[in-house]
$ cat input-v1.txt   # compact mmCIF, C-alpha atoms
# COMPACT_ATOMS: atom_id res chain seq x y z
CA ARG A 1 11.98 6.63 -2.24
CA VAL A 2 12.04 2.88 -1.86
CA THR A 3 10.46 -0.17 -3.42
CA VAL A 4 7.65 -1.60 -1.31
CA ARG A 5 6.77 -5.26 -1.93
CA GLY A 6 4.20 -7.09 0.13
CA THR A 7 0.70 -8.49 0.45
CA LEU A 8 -2.31 -6.18 0.27
CA VAL A 9 -4.19 -6.92 3.51
CA LYS A 10 -6.79 -4.11 3.43
CA ARG A 11 -8.36 -1.93 0.76
CA ASP A 12 -10.73 0.95 1.53
CA THR A 13 -12.28 3.63 -0.68
CA ARG A 14 -13.06 6.93 1.01
CA GLU A 15 -14.81 10.09 -0.08
CA THR A 16 -12.80 13.27 0.48
CA PRO A 17 -13.49 16.92 -0.41
CA TYR A 18 -11.35 16.27 -3.51
CA GLY A 19 -13.15 13.12 -4.66
CA TYR A 20 -12.79 9.42 -3.96
CA VAL A 21 -9.46 7.94 -2.94
CA THR A 22 -8.54 4.29 -2.39
CA LYS A 23 -6.20 3.54 0.52
CA GLY A 24 -4.52 0.27 1.30
CA THR A 25 -2.45 -1.53 3.92
CA VAL A 26 0.45 -3.65 2.69
CA LYS A 27 2.10 -6.31 4.88
CA VAL A 28 5.84 -6.45 4.20
CA VAL A 29 7.91 -9.45 5.34
CA THR A 30 11.69 -8.99 5.60
CA PRO A 31 14.47 -10.98 7.27
CA GLU A 32 14.41 -8.35 10.05
CA GLY A 33 10.69 -8.81 10.70
CA VAL A 34 7.18 -7.95 9.55
CA TRP A 35 5.83 -4.42 9.21
CA LEU A 36 2.76 -2.70 7.74
CA ALA A 37 2.57 0.25 5.36
CA TRP A 38 -0.55 2.37 4.77
CA GLY A 39 -1.27 4.92 2.04
CA THR A 40 -2.94 5.62 -1.28
CA ILE A 41 -2.95 2.68 -3.68
CA PRO A 42 -1.19 3.60 -6.96
CA ALA A 43 -3.50 4.15 -9.94
CA SER A 44 -1.75 1.43 -11.95
CA LEU A 45 -2.74 -1.15 -9.32
CA LEU A 46 -6.33 0.10 -9.31
CA ASP A 47 -6.39 -0.19 -13.11
CA ALA A 48 -5.16 -3.79 -12.72
CA ARG A 49 -8.04 -4.41 -10.26
CA VAL A 50 -5.83 -5.32 -7.33
CA GLU A 51 -7.55 -7.34 -4.61
CA VAL A 52 -6.82 -8.14 -0.99
CA GLY A 53 -4.45 -11.11 -0.75
CA GLN A 54 -2.40 -10.27 -3.83
CA THR A 55 1.32 -9.49 -3.64
CA VAL A 56 2.07 -6.02 -4.98
CA GLU A 57 5.15 -3.93 -5.66
CA PHE A 58 5.50 -0.15 -6.10
CA VAL A 59 7.86 2.73 -5.34
CA ALA A 60 6.94 5.26 -2.63
CA THR A 61 8.23 7.60 0.03
CA LEU A 62 8.05 6.02 3.51
CA LYS A 63 7.54 7.82 6.81
CA ARG A 64 7.70 6.08 10.18
CA GLY A 65 4.33 5.69 11.89
CA ASN A 66 3.52 5.91 15.59
CA ASP A 67 4.35 2.23 16.12
CA ALA A 68 7.73 0.68 15.30
CA HIS A 69 6.15 -1.86 12.94
CA PHE A 70 4.02 0.67 11.03
CA ALA A 71 4.86 3.09 8.18
CA LEU A 72 2.97 5.57 6.05
CA TYR A 73 3.67 5.65 2.34
CA SER A 74 3.08 8.59 0.03
CA ARG A 75 3.58 9.54 -3.60
CA PRO A 76 3.36 5.94 -4.86
CA THR A 77 4.37 5.37 -8.48
CA GLY A 78 4.50 2.41 -10.77
CA GLY A 79 2.99 -0.65 -9.33
CA SER A 80 2.43 -4.19 -10.40
CA ILE A 81 0.75 -7.30 -9.11
CA VAL A 82 3.51 -9.83 -8.44
CA ASN A 83 1.18 -12.80 -7.86
CA SER A 84 -2.40 -13.58 -6.94
CA ALA A 85 -3.80 -15.02 -3.74
CA ALA A 86 -3.67 -18.79 -3.54

$ encode --input "input-v1.txt" --output "structure tokens"
Amino acid sequence: RVTVRGTLVKRDTRETPYGYVTKGTVKVVTPEGVWLAWGTIPASLLDARVEVGQTVEFVATLKRGNDAHFALYSRPTGGSIVNSAA
């Protein structure tokens, strides 16, 4: 489990057989490069009404995606909005 900190670039609510779920894509910038992470947005960020363009931080399990610059995150916990869009 690692801390993911980046900018929310996409937010999408989907209906599943188990109810509605909100997924999001986070753009993470590191000294090694830029990568994207996709998964379920933590409930604490939804309660804080997170919007696209805000910088967020949460802890999750990462799994490598099909592309080298893409990851899937699961089991997100915590979560806070670090700053708002300019």

$ residues_around --input "input-v1.txt" --residues "stretch 64-79 of chain A" --least-positions-apart "2" --cutoff "12 Å" --atoms "only C-alpha atoms" --output "count of residues only"
43

$ atom_distance --input "input-v1.txt" --atom1 "atom CA of A:Glu51" --atom2 "atom CA of A:Val9"
8.8 Å

$ atom_distance --input "input-v1.txt" --atom1 "atom CA of A:Gly53" --atom2 "atom CA of A:Asn83"
9.2 Å

$ atom_distance --input "input-v1.txt" --atom1 "atom CA of A:Asp12" --atom2 "atom CA of A:Ser80"
18.5 Å
